[in-house]
file entry-v7.pdb (PDB, C-alpha atoms)
ATOM      1  CA  MET E1366    -110.850 -54.701 -31.554
ATOM      2  CA  ARG E1367    -109.062 -52.812 -34.290
ATOM      3  CA  SER E1368    -105.763 -53.299 -32.467
ATOM      4  CA  ASN E1369    -106.305 -57.079 -32.366
ATOM      5  CA  LYS E1370    -107.078 -57.086 -36.079
ATOM      6  CA  ASN E1371    -103.878 -55.165 -36.854
ATOM      7  CA  ASN E1372    -101.872 -57.562 -34.694
ATOM      8  CA  LEU E1373    -103.390 -60.528 -36.506
ATOM      9  CA  ILE E1374    -102.483 -59.058 -39.892
ATOM     10  CA  ALA E1375     -98.949 -58.356 -38.686
ATOM     11  CA  TYR E1376     -98.550 -61.930 -37.409
ATOM     12  CA  VAL E1377     -99.854 -63.387 -40.679
ATOM     13  CA  ILE E1378     -97.401 -61.273 -42.688
ATOM     14  CA  LEU E1379     -94.519 -62.279 -40.408
ATOM     15  CA  ILE E1380     -95.427 -65.966 -40.664
ATOM     16  CA  VAL E1381     -95.619 -65.794 -44.457
ATOM     17  CA  VAL E1382     -92.313 -63.932 -44.753
ATOM     18  CA  GLY E1383     -90.646 -66.257 -42.221
ATOM     19  CA  ALA E1384     -91.884 -69.344 -44.072
ATOM     20  CA  ALA E1385     -90.565 -67.952 -47.372
ATOM     21  CA  MET E1386     -87.164 -67.295 -45.791
ATOM     22  CA  ILE E1387     -86.835 -70.690 -44.127
ATOM     23  CA  TYR E1388     -88.227 -72.725 -47.036
ATOM     24  CA  PRO E1389     -84.817 -73.029 -48.815
ATOM     25  CA  LEU E1390     -83.397 -74.684 -45.696
ATOM     26  CA  PHE E1391     -86.246 -77.203 -45.623
ATOM     27  CA  TRP E1392     -85.774 -77.863 -49.334
ATOM     28  CA  LEU E1393     -82.034 -78.368 -48.831
ATOM     29  CA  PHE E1394     -82.638 -80.821 -45.998
ATOM     30  CA  PHE E1395     -85.174 -82.951 -47.869
ATOM     31  CA  ALA E1396     -83.118 -82.785 -51.090
ATOM     32  CA  THR E1397     -80.318 -84.663 -49.344
ATOM     33  CA  PHE E1398     -82.533 -87.784 -49.345
ATOM     34  CA  LYS E1399     -83.159 -87.695 -53.109
ATOM     35  CA  ASP E1400     -81.091 -88.945 -56.032
ATOM     36  CA  ASN E1401     -80.184 -86.891 -59.111
ATOM     37  CA  LYS E1402     -83.150 -88.169 -61.098
ATOM     38  CA  GLU E1403     -85.624 -87.129 -58.422
ATOM     39  CA  LEU E1404     -83.844 -83.837 -57.745
ATOM     40  CA  PHE E1405     -84.084 -82.649 -61.334
ATOM     41  CA  GLY E1406     -87.202 -84.550 -62.398
ATOM     42  CA  LYS E1407     -89.738 -83.664 -59.694
ATOM     43  CA  MET E1408     -90.676 -80.473 -57.881
ATOM     44  CA  THR E1409     -92.073 -82.109 -54.732
ATOM     45  CA  LEU E1410     -90.582 -81.132 -51.389
ATOM     46  CA  LEU E1411     -90.628 -84.562 -49.747
ATOM     47  CA  PRO E1412     -88.596 -87.422 -51.259
ATOM     48  CA  GLU E1413     -90.219 -90.654 -52.370
ATOM     49  CA  HIS E1414     -87.893 -92.677 -50.145
ATOM     50  CA  PHE E1415     -85.748 -91.531 -47.240
ATOM     51  CA  SER E1416     -82.164 -92.735 -47.453
ATOM     52  CA  PHE E1417     -79.099 -91.605 -45.517
ATOM     53  CA  SER E1418     -76.685 -92.872 -48.165
ATOM     54  CA  ALA E1419     -75.929 -89.302 -49.302
ATOM     55  CA  TYR E1420     -74.588 -88.467 -45.844
ATOM     56  CA  ARG E1421     -72.691 -91.726 -45.569
ATOM     57  CA  GLU E1422     -71.093 -91.536 -49.021
ATOM     58  CA  GLY E1423     -70.631 -87.772 -48.996
ATOM     59  CA  TRP E1424     -68.810 -87.869 -45.653
ATOM     60  CA  LYS E1425     -66.110 -90.033 -47.248
ATOM     61  CA  GLY E1426     -65.057 -87.033 -49.354
ATOM     62  CA  SER E1427     -62.882 -87.517 -52.365
ATOM     63  CA  GLY E1428     -59.422 -89.037 -52.357
ATOM     64  CA  GLN E1429     -57.646 -89.643 -49.085
ATOM     65  CA  PHE E1430     -59.369 -86.963 -46.993
ATOM     66  CA  SER E1431     -62.864 -87.242 -45.554
ATOM     67  CA  TYR E1432     -65.113 -84.395 -44.496
ATOM     68  CA  LEU E1433     -64.006 -84.965 -40.919
ATOM     69  CA  THR E1434     -60.627 -83.514 -41.940
ATOM     70  CA  PHE E1435     -62.287 -80.548 -43.638
ATOM     71  CA  TYR E1436     -64.544 -79.941 -40.642
ATOM     72  CA  LEU E1437     -61.583 -79.988 -38.247
ATOM     73  CA  ASN E1438     -59.620 -77.679 -40.550
ATOM     74  CA  THR E1439     -62.494 -75.220 -40.571
ATOM     75  CA  PHE E1440     -62.627 -75.229 -36.786
ATOM     76  CA  LYS E1441     -58.832 -74.762 -36.647
ATOM     77  CA  LEU E1442     -59.153 -71.689 -38.821
ATOM     78  CA  VAL E1443     -62.351 -70.198 -37.403
ATOM     79  CA  ILE E1444     -62.107 -70.680 -33.637
ATOM     80  CA  PRO E1445     -58.681 -69.005 -33.086
ATOM     81  CA  THR E1446     -59.583 -66.239 -35.544
ATOM     82  CA  VAL E1447     -62.869 -65.496 -33.794
ATOM     83  CA  ALA E1448     -61.373 -65.635 -30.290
ATOM     84  CA  LEU E1449     -58.423 -63.410 -31.174
ATOM     85  CA  THR E1450     -60.697 -60.956 -32.987
ATOM     86  CA  ALA E1451     -63.033 -60.658 -30.004
ATOM     87  CA  ILE E1452     -60.099 -59.939 -27.680
ATOM     88  CA  SER E1453     -58.126 -57.566 -29.909
ATOM     89  CA  THR E1454     -61.025 -55.478 -31.258
ATOM     90  CA  GLY E1455     -62.417 -55.058 -27.747
ATOM     91  CA  ILE E1456     -59.096 -53.739 -26.437
ATOM     92  CA  VAL E1457     -58.671 -51.332 -29.367
ATOM     93  CA  ALA E1458     -62.252 -50.106 -28.945
ATOM     94  CA  TYR E1459     -61.601 -49.581 -25.223
ATOM     95  CA  GLY E1460     -58.583 -47.438 -26.047
ATOM     96  CA  PHE E1461     -60.481 -45.243 -28.490
ATOM     97  CA  ALA E1462     -63.570 -44.910 -26.289
ATOM     98  CA  ARG E1463     -61.970 -44.253 -22.922
ATOM     99  CA  PHE E1464     -58.501 -42.714 -23.353
ATOM    100  CA  LYS E1465     -56.980 -39.532 -24.727
ATOM    101  CA  PHE E1466     -53.722 -39.831 -26.626
ATOM    102  CA  PRO E1467     -51.878 -37.900 -29.355
ATOM    103  CA  MET E1468     -53.472 -37.983 -32.826
ATOM    104  CA  LYS E1469     -56.451 -39.909 -31.513
ATOM    105  CA  LYS E1470     -58.892 -38.318 -33.976
ATOM    106  CA  LEU E1471     -56.514 -38.776 -36.895
ATOM    107  CA  LEU E1472     -55.955 -42.433 -36.090
ATOM    108  CA  PHE E1473     -59.676 -42.982 -35.645
ATOM    109  CA  MET E1474     -60.387 -41.372 -39.021
ATOM    110  CA  LEU E1475     -57.647 -43.494 -40.596
ATOM    111  CA  MET E1476     -59.170 -46.636 -39.138
ATOM    112  CA  ILE E1477     -62.661 -45.742 -40.352
ATOM    113  CA  SER E1478     -61.332 -44.853 -43.799
ATOM    114  CA  THR E1479     -60.096 -48.426 -44.253
ATOM    115  CA  LEU E1480     -63.756 -49.466 -44.382
ATOM    116  CA  MET E1481     -63.881 -47.837 -47.805
ATOM    117  CA  LEU E1482     -61.149 -50.077 -49.207
ATOM    118  CA  PRO E1483     -62.527 -52.973 -51.279
ATOM    119  CA  ASP E1484     -60.993 -56.304 -50.411
ATOM    120  CA  ALA E1485     -59.883 -56.755 -54.033
ATOM    121  CA  VAL E1486     -57.626 -53.677 -53.778
ATOM    122  CA  ILE E1487     -55.517 -55.072 -50.940
ATOM    123  CA  MET E1488     -55.665 -58.732 -51.946
ATOM    124  CA  ILE E1489     -52.489 -58.800 -54.076
ATOM    125  CA  PRO E1490     -50.275 -56.669 -51.755
ATOM    126  CA  ARG E1491     -51.436 -58.724 -48.799
ATOM    127  CA  TYR E1492     -50.706 -61.988 -50.599
ATOM    128  CA  VAL E1493     -47.208 -60.778 -51.554
ATOM    129  CA  VAL E1494     -46.444 -59.874 -47.933
ATOM    130  CA  PHE E1495     -47.806 -63.136 -46.531
ATOM    131  CA  ASN E1496     -45.957 -65.127 -49.167
ATOM    132  CA  LYS E1497     -42.643 -63.455 -48.216
ATOM    133  CA  PHE E1498     -43.334 -64.342 -44.579
ATOM    134  CA  GLY E1499     -43.900 -67.966 -45.606
ATOM    135  CA  TRP E1500     -47.478 -67.955 -44.352
ATOM    136  CA  VAL E1501     -49.166 -69.170 -47.550
ATOM    137  CA  ASP E1502     -50.851 -72.580 -47.150
ATOM    138  CA  THR E1503     -51.175 -71.998 -43.410
ATOM    139  CA  TYR E1504     -53.846 -70.332 -41.295
ATOM    140  CA  LEU E1505     -51.564 -67.474 -40.226
ATOM    141  CA  PRO E1506     -53.032 -65.062 -42.849
ATOM    142  CA  PHE E1507     -56.252 -65.354 -40.851
ATOM    143  CA  TRP E1508     -54.873 -65.542 -37.314
ATOM    144  CA  VAL E1509     -52.376 -62.668 -37.468
ATOM    145  CA  PRO E1510     -54.848 -60.008 -38.724
ATOM    146  CA  ALA E1511     -57.157 -61.144 -35.929
ATOM    147  CA  VAL E1512     -54.393 -60.564 -33.360
ATOM    148  CA  LEU E1513     -53.785 -57.089 -34.807
ATOM    149  CA  ALA E1514     -57.506 -56.178 -34.812
ATOM    150  CA  CYS E1515     -57.665 -55.613 -38.574
ATOM    151  CA  TYR E1516     -61.456 -55.347 -38.578
ATOM    152  CA  PRO E1517     -62.475 -51.666 -38.339
ATOM    153  CA  PHE E1518     -66.212 -52.338 -38.540
ATOM    154  CA  LEU E1519     -66.076 -54.571 -35.461
ATOM    155  CA  ILE E1520     -63.955 -52.008 -33.611
ATOM    156  CA  PHE E1521     -66.349 -49.183 -34.472
ATOM    157  CA  MET E1522     -69.333 -51.245 -33.342
ATOM    158  CA  GLN E1523     -67.748 -51.843 -29.941
ATOM    159  CA  ILE E1524     -66.697 -48.205 -29.602
ATOM    160  CA  GLN E1525     -70.325 -47.204 -30.069
ATOM    161  CA  PHE E1526     -71.375 -49.703 -27.419
ATOM    162  CA  LEU E1527     -68.723 -48.511 -24.955
ATOM    163  CA  ARG E1528     -69.839 -44.916 -25.370
ATOM    164  CA  GLY E1529     -73.175 -45.932 -23.881
ATOM    165  CA  ILE E1530     -71.580 -47.283 -20.684
ATOM    166  CA  PRO E1531     -71.254 -44.562 -17.980
ATOM    167  CA  ARG E1532     -67.714 -43.451 -17.226
ATOM    168  CA  GLU E1533     -68.616 -43.345 -13.545
ATOM    169  CA  LEU E1534     -68.138 -47.103 -13.467
ATOM    170  CA  ASP E1535     -64.523 -46.669 -14.585
ATOM    171  CA  GLU E1536     -63.923 -43.953 -11.999
ATOM    172  CA  SER E1537     -65.359 -46.101  -9.213
ATOM    173  CA  ALA E1538     -63.086 -48.966 -10.227
ATOM    174  CA  TYR E1539     -60.045 -46.673 -10.268
ATOM    175  CA  MET E1540     -60.935 -45.503  -6.762
ATOM    176  CA  ASP E1541     -61.008 -49.134  -5.650
ATOM    177  CA  GLY E1542     -57.439 -49.582  -6.907
ATOM    178  CA  CYS E1543     -57.984 -51.096 -10.354
ATOM    179  CA  ASN E1544     -55.592 -50.329 -13.186
ATOM    180  CA  PRO E1545     -56.908 -49.690 -16.757
ATOM    181  CA  LEU E1546     -56.541 -53.336 -17.748
ATOM    182  CA  MET E1547     -58.471 -54.561 -14.722
ATOM    183  CA  VAL E1548     -61.174 -51.968 -15.354
ATOM    184  CA  TYR E1549     -61.675 -53.441 -18.793
ATOM    185  CA  VAL E1550     -61.508 -57.086 -17.701
ATOM    186  CA  ARG E1551     -63.590 -56.852 -14.534
ATOM    187  CA  ILE E1552     -65.987 -53.983 -15.215
ATOM    188  CA  LEU E1553     -66.426 -53.251 -18.914
ATOM    189  CA  ALA E1554     -65.960 -56.652 -20.575
ATOM    190  CA  PRO E1555     -68.911 -58.251 -18.710
ATOM    191  CA  LEU E1556     -71.103 -55.281 -19.677
ATOM    192  CA  MET E1557     -69.925 -55.566 -23.291
ATOM    193  CA  LYS E1558     -71.227 -59.112 -23.627
ATOM    194  CA  PRO E1559     -73.831 -58.171 -26.298
ATOM    195  CA  SER E1560     -71.275 -56.427 -28.501
ATOM    196  CA  ILE E1561     -68.708 -59.200 -27.977
ATOM    197  CA  PHE E1562     -71.267 -61.809 -29.024
ATOM    198  CA  SER E1563     -72.046 -59.673 -32.082
ATOM    199  CA  VAL E1564     -68.355 -59.719 -32.985
ATOM    200  CA  ILE E1565     -68.232 -63.484 -32.491
ATOM    201  CA  ILE E1566     -71.259 -64.064 -34.720
ATOM    202  CA  PHE E1567     -70.099 -61.701 -37.463
ATOM    203  CA  GLN E1568     -66.588 -63.101 -37.562
ATOM    204  CA  THR E1569     -67.768 -66.705 -37.375
ATOM    205  CA  LEU E1570     -70.101 -66.220 -40.338
ATOM    206  CA  TRP E1571     -67.455 -64.349 -42.350
ATOM    207  CA  ARG E1572     -64.746 -66.917 -41.800
ATOM    208  CA  TRP E1573     -66.944 -70.006 -41.920
ATOM    209  CA  ASN E1574     -68.540 -69.029 -45.243
ATOM    210  CA  ASP E1575     -65.431 -67.492 -46.786
ATOM    211  CA  TYR E1576     -64.343 -69.096 -50.038
ATOM    212  CA  PHE E1577     -62.235 -66.560 -51.881
ATOM    213  CA  ASN E1578     -59.646 -65.849 -49.161
ATOM    214  CA  ASN E1579     -59.386 -69.539 -48.365
ATOM    215  CA  LEU E1580     -58.792 -70.248 -52.049
ATOM    216  CA  VAL E1581     -56.045 -67.609 -52.225
ATOM    217  CA  TYR E1582     -54.100 -68.594 -49.108
ATOM    218  CA  ILE E1583     -54.722 -72.361 -48.823
ATOM    219  CA  SER E1584     -53.299 -74.550 -51.571
ATOM    220  CA  SER E1585     -52.938 -78.104 -50.219
ATOM    221  CA  VAL E1586     -55.976 -80.363 -49.884
ATOM    222  CA  LYS E1587     -54.960 -81.467 -46.389
ATOM    223  CA  ASN E1588     -55.576 -77.879 -45.195
ATOM    224  CA  TYR E1589     -58.839 -77.353 -47.086
ATOM    225  CA  THR E1590     -61.827 -75.922 -45.248
ATOM    226  CA  LEU E1591     -65.443 -76.899 -45.903
ATOM    227  CA  SER E1592     -66.017 -74.213 -48.528
ATOM    228  CA  LEU E1593     -63.034 -75.412 -50.567
ATOM    229  CA  ALA E1594     -63.930 -79.070 -50.029
ATOM    230  CA  LEU E1595     -67.448 -78.564 -51.362
ATOM    231  CA  LYS E1596     -66.127 -76.894 -54.504
ATOM    232  CA  MET E1597     -63.547 -79.659 -54.913
ATOM    233  CA  SER E1598     -66.285 -82.288 -54.616
ATOM    234  CA  ILE E1599     -68.180 -80.637 -57.459
ATOM    235  CA  ASP E1600     -65.117 -80.315 -59.698
ATOM    236  CA  SER E1601     -63.885 -83.867 -59.099
ATOM    237  CA  GLN E1602     -67.119 -85.584 -60.131
ATOM    238  CA  GLY E1603     -67.504 -84.141 -63.633
ATOM    239  CA  ALA E1604     -70.813 -84.738 -65.415
ATOM    240  CA  SER E1605     -71.997 -87.410 -62.946
ATOM    241  CA  THR E1606     -71.966 -85.163 -59.894
ATOM    242  CA  PRO E1607     -73.908 -86.779 -57.000
ATOM    243  CA  TRP E1608     -75.752 -83.632 -56.010
ATOM    244  CA  ASN E1609     -77.482 -85.276 -53.075
ATOM    245  CA  GLN E1610     -74.063 -85.862 -51.474
ATOM    246  CA  ILE E1611     -72.987 -82.274 -52.175
ATOM    247  CA  LEU E1612     -76.244 -80.986 -50.683
ATOM    248  CA  ALA E1613     -75.877 -83.291 -47.677
ATOM    249  CA  MET E1614     -72.412 -81.954 -46.896
ATOM    250  CA  SER E1615     -73.644 -78.406 -47.514
ATOM    251  CA  PHE E1616     -76.436 -78.953 -45.002
ATOM    252  CA  LEU E1617     -73.992 -80.300 -42.418
ATOM    253  CA  SER E1618     -71.727 -77.297 -42.979
ATOM    254  CA  LEU E1619     -74.631 -74.970 -42.109
ATOM    255  CA  ILE E1620     -75.311 -76.497 -38.708
ATOM    256  CA  PRO E1621     -72.560 -74.860 -36.545
ATOM    257  CA  PRO E1622     -73.166 -71.202 -37.607
ATOM    258  CA  VAL E1623     -76.950 -71.664 -37.438
ATOM    259  CA  LEU E1624     -76.705 -73.103 -33.919
ATOM    260  CA  LEU E1625     -74.375 -70.297 -32.863
ATOM    261  CA  TYR E1626     -76.794 -67.646 -34.088
ATOM    262  CA  PHE E1627     -79.764 -69.460 -32.543
ATOM    263  CA  PHE E1628     -78.229 -69.587 -29.052
ATOM    264  CA  ALA E1629     -76.620 -66.118 -29.197
ATOM    265  CA  GLN E1630     -79.313 -64.164 -31.047
ATOM    266  CA  LYS E1631     -80.437 -62.359 -27.877
ATOM    267  CA  TYR E1632     -76.992 -60.844 -27.328
ATOM    268  CA  PHE E1633     -76.550 -60.261 -31.057
ATOM    269  CA  VAL E1634     -79.714 -58.158 -31.315
ATOM    270  CA  GLU E1635     -78.813 -56.230 -28.153
ATOM    271  CA  GLY E1636     -75.300 -55.531 -29.421
ATOM    272  CA  ILE E1637     -76.405 -54.378 -32.875
ATOM    273  CA  THR E1638     -79.209 -52.194 -31.470
ATOM    274  CA  ALA E1639     -77.044 -50.607 -28.782
ATOM    275  CA  GLY E1640     -74.112 -50.088 -31.145
ATOM    276  CA  GLY E1641     -76.358 -48.398 -33.670
ATOM    277  CA  ILE E1642     -78.114 -45.904 -31.384
ATOM    278  CA  LYS E1643     -75.412 -44.945 -28.900
ATOM    279  CA  GLY E1644     -72.919 -42.327 -29.887
TER     280      GLY E1644
END

call {"tool": "encode", "arguments": {"input": "entry-v7.pdb", "output": "structure tokens"}}
result
Amino acid sequence: MRSNKNNLIAYVILIVVGAAMIYPLFWLFFATFKDNKELFGKMTLLPEHFSFSAYREGWKGSGQFSYLTFYLNTFKLVIPTVALTAISTGIVAYGFARFKFPMKKLLFMLMISTLMLPDAVIMIPRYVVFNKFGWVDTYLPFWVPAVLACYPFLIFMQIQFLRGIPRELDESAYMDGCNPLMVYVRILAPLMKPSIFSVIIFQTLWRWNDYFNNLVYISSVKNYTLSLALKMSIDSQGASTPWNQILAMSFLSLIPPVLLYFFAQKYFVEGITAGGIKG
């Protein structure tokens, strides 16, 4: 009886906390159907009248580019970056977790030490290098670091996961004639699905929501991502900003990462839990 009472209390607390966390999303959704006067004049959650004009007008964007262009640009930046990151960080983690090579510990310590570097410290040197390469106003400043596995946290997370996979599986594969690459592709990669999905979710959220790096490396409107387009929409309207249109486009920009997390949360939780407890 006491156990049931404790469970009931726990469920009530979880429901209350969950409702408090998800309320801003509900408010954002219903706010897209209001006009400025209703947004700032009333505190009610539901609008007086439902109208999809904010989505219709907001989708047109400002100037010659609609939000379709900004959506496609975001996908062009995010999808290759995420895919290349998942491949490169997994291979680097495999090397650190399974092989012995000269200065392995030193290189591992050097990689981990880069976690301590604030992004602001390397921003200017990185911009100077990318500018000399002619990569500014392209997506190469995002794609190339992904190819080179420049994400030590994601590498470390996968190393921890790999350390929990028995080496006997590798040895059995070697006995069956597999080379190291085939061992990773056929044996380890399928078992690393939780950690790979964790990498995909982390990198997707980082790149999808990123504003500062996009602002630094992307200068032309035709290459703008959603984060830059939303800021541009606010700046271009002045005092008469149609906030319902801004909120409508903000809500639409949330849908892809939310859906990704919703469908991959099982693997995400498994990857984070396994990566945190296995050493």

call {"tool": "closest_atom_pairs", "arguments": {"input": "entry-v7.pdb", "of": "region 1478-1522 of chain E", "to": "region 1575-1598 of chain E", "cutoff": "12 Å", "atoms": "all atoms listed in the file", "output": "CSV"}}
result
residue,atom,partner,partner_atom,distance
E:Asp1484,CA,E:Asn1578,CA,9.7
E:Ala1485,CA,E:Phe1577,CA,10.3
E:Ile1487,CA,E:Asn1578,CA,11.7
E:Met1488,CA,E:Asn1578,CA,8.6
E:Ile1489,CA,E:Val1581,CA,9.7
E:Arg1491,CA,E:Tyr1582,CA,10.2
E:Tyr1492,CA,E:Tyr1582,CA,7.6
E:Val1493,CA,E:Tyr1582,CA,10.7
E:Val1494,CA,E:Tyr1582,CA,11.7
E:Phe1495,CA,E:Tyr1582,CA,8.7
E:Asn1496,CA,E:Tyr1582,CA,8.9
E:Gly1499,CA,E:Tyr1582,CA,10.8
E:Trp1500,CA,E:Tyr1582,CA,8.2
E:Val1501,CA,E:Tyr1582,CA,5.2
E:Asp1502,CA,E:Ile1583,CA,4.2
E:Thr1503,CA,E:Ile1583,CA,6.5
E:Tyr1504,CA,E:Ile1583,CA,7.8
E:Leu1505,CA,E:Tyr1582,CA,9.3
E:Pro1506,CA,E:Tyr1582,CA,7.3
E:Phe1507,CA,E:Asn1578,CA,9.0

call {"tool": "write_last_selection", "arguments": {"input": "entry-v7.pdb", "atoms": "C-alpha atoms", "output": "JSON list (two decimals), in the frame of the given file"}}
result
[["chain", "number", "residue", "atom", "x", "y", "z"],
["E", 1484, "ASP", "CA", -60.99, -56.30, -50.41],
["E", 1485, "ALA", "CA", -59.88, -56.76, -54.03],
["E", 1487, "ILE", "CA", -55.52, -55.07, -50.94],
["E", 1488, "MET", "CA", -55.66, -58.73, -51.95],
["E", 1489, "ILE", "CA", -52.49, -58.80, -54.08],
["E", 1491, "ARG", "CA", -51.44, -58.72, -48.80],
["E", 1492, "TYR", "CA", -50.71, -61.99, -50.60],
["E", 1493, "VAL", "CA", -47.21, -60.78, -51.55],
["E", 1494, "VAL", "CA", -46.44, -59.87, -47.93],
["E", 1495, "PHE", "CA", -47.81, -63.14, -46.53],
["E", 1496, "ASN", "CA", -45.96, -65.13, -49.17],
["E", 1499, "GLY", "CA", -43.90, -67.97, -45.61],
["E", 1500, "TRP", "CA", -47.48, -67.96, -44.35],
["E", 1501, "VAL", "CA", -49.17, -69.17, -47.55],
["E", 1502, "ASP", "CA", -50.85, -72.58, -47.15],
["E", 1503, "THR", "CA", -51.18, -72.00, -43.41],
["E", 1504, "TYR", "CA", -53.85, -70.33, -41.30],
["E", 1505, "LEU", "CA", -51.56, -67.47, -40.23],
["E", 1506, "PRO", "CA", -53.03, -65.06, -42.85],
["E", 1507, "PHE", "CA", -56.25, -65.35, -40.85]]

call {"tool": "resolve_selection", "arguments": {"input": "entry-v7.pdb", "expression": "the PyMOL selection byres ((chain E and resi 1531) around 12)", "output": "compact mmCIF listing (two decimals) with C-alpha atoms, in the coordinates of the input"}}
result
# COMPACT_ATOMS: atom_id res chain seq x y z
CA ALA E 1462 -63.57 -44.91 -26.29
CA ARG E 1463 -61.97 -44.25 -22.92
CA PHE E 1526 -71.38 -49.70 -27.42
CA LEU E 1527 -68.72 -48.51 -24.96
CA ARG E 1528 -69.84 -44.92 -25.37
CA GLY E 1529 -73.18 -45.93 -23.88
CA ILE E 1530 -71.58 -47.28 -20.68
CA ARG E 1532 -67.71 -43.45 -17.23
CA GLU E 1533 -68.62 -43.34 -13.54
CA LEU E 1534 -68.14 -47.10 -13.47
CA ASP E 1535 -64.52 -46.67 -14.58
CA GLU E 1536 -63.92 -43.95 -12.00
CA SER E 1537 -65.36 -46.10 -9.21
CA ILE E 1552 -65.99 -53.98 -15.22
CA LEU E 1553 -66.43 -53.25 -18.91
CA LEU E 1556 -71.10 -55.28 -19.68
CA LYS E 1643 -75.41 -44.94 -28.90

call {"tool": "residues_around", "arguments": {"input": "entry-v7.pdb", "residues": "region 1611-1624 of chain E", "least_positions_apart": "6", "cutoff": "7 Å", "atoms": "all atoms listed in the file", "output": "PyMOL selection string"}}
result
chain E and resi 1393-1394+1397+1419-1420+1423+1570+1591+1595

call {"tool": "resolve_selection", "arguments": {"input": "entry-v7.pdb", "expression": "the PyMOL selection byres ((chain E and resi 1453) around 9)", "output": "MDAnalysis selection string"}}
result
chainID E and resid 1448:1452 1454:1458 1511:1515 1520

call {"tool": "residues_around", "arguments": {"input": "entry-v7.pdb", "residues": "Thr1479 (chain E)", "least_positions_apart": "6", "cutoff": "10 Å", "atoms": "all atoms listed in the file", "output": "PDB file with C-alpha atoms, in the coordinates of the input"}}
result
ATOM      1  CA  CYS E1515     -57.665 -55.613 -38.574  1.00  0.00           C
ATOM      2  CA  TYR E1516     -61.456 -55.347 -38.578  1.00  0.00           C
ATOM      3  CA  PRO E1517     -62.475 -51.666 -38.339  1.00  0.00           C
ATOM      4  CA  PHE E1518     -66.212 -52.338 -38.540  1.00  0.00           C
TER       5      PHE E1518
END

call {"tool": "closest_residue", "arguments": {"input": "entry-v7.pdb", "among": "E:Val1486, E:Tyr1459, E:Phe1464, E:Tyr1539", "to": "Gln1523 (chain E)", "atoms": "all atoms listed in the file"}}
result
E:Tyr1459

call {"tool": "build_atoms", "arguments": {"input": "entry-v7.pdb", "residues": "region 1438-1442 of chain E", "atoms": "all heavy atoms", "output": "tab-separated table (two decimals), keeping the file's coordinate frame"}}
result
chain	number	residue	atom	x	y	z
E	1438	ASN	N	-60.39	-78.79	-40.01
E	1438	ASN	CA	-59.62	-77.68	-40.55
E	1438	ASN	C	-60.39	-76.37	-40.43
E	1438	ASN	O	-59.80	-75.32	-40.11
E	1438	ASN	CB	-59.28	-77.93	-42.02
E	1438	ASN	CG	-58.23	-79.00	-42.21
E	1438	ASN	OD1	-57.50	-79.34	-41.27
E	1438	ASN	ND2	-58.14	-79.55	-43.40
E	1439	THR	N	-61.68	-76.43	-40.68
E	1439	THR	CA	-62.49	-75.22	-40.57
E	1439	THR	C	-62.52	-74.72	-39.14
E	1439	THR	O	-62.40	-73.51	-38.89
E	1439	THR	CB	-63.93	-75.50	-41.05
E	1439	THR	OG1	-63.88	-76.04	-42.38
E	1439	THR	CG2	-64.75	-74.22	-41.08
E	1440	PHE	N	-62.65	-75.63	-38.19
E	1440	PHE	CA	-62.63	-75.23	-36.79
E	1440	PHE	C	-61.25	-74.67	-36.41
E	1440	PHE	O	-61.16	-73.70	-35.63
E	1440	PHE	CB	-62.98	-76.41	-35.88
E	1440	PHE	CG	-64.45	-76.70	-35.80
E	1440	PHE	CD1	-64.95	-77.91	-36.25
E	1440	PHE	CD2	-65.34	-75.76	-35.30
E	1440	PHE	CE1	-66.31	-78.18	-36.19
E	1440	PHE	CE2	-66.70	-76.02	-35.24
E	1440	PHE	CZ	-67.19	-77.24	-35.68
E	1441	LYS	N	-60.18	-75.26	-36.94
E	1441	LYS	CA	-58.83	-74.76	-36.65
E	1441	LYS	C	-58.64	-73.34	-37.16
E	1441	LYS	O	-57.92	-72.54	-36.55
E	1441	LYS	CB	-57.79	-75.68	-37.29
E	1441	LYS	CG	-57.64	-77.04	-36.64
E	1441	LYS	CD	-56.63	-77.89	-37.40
E	1441	LYS	CE	-56.56	-79.30	-36.85
E	1441	LYS	NZ	-55.62	-80.16	-37.62
E	1442	LEU	N	-59.26	-73.04	-38.27
E	1442	LEU	CA	-59.15	-71.69	-38.82
E	1442	LEU	C	-60.07	-70.72	-38.09
E	1442	LEU	O	-59.66	-69.61	-37.73
E	1442	LEU	CB	-59.48	-71.71	-40.31
E	1442	LEU	CG	-59.27	-70.41	-41.11
E	1442	LEU	CD1	-58.99	-70.74	-42.57
E	1442	LEU	CD2	-60.47	-69.47	-41.03
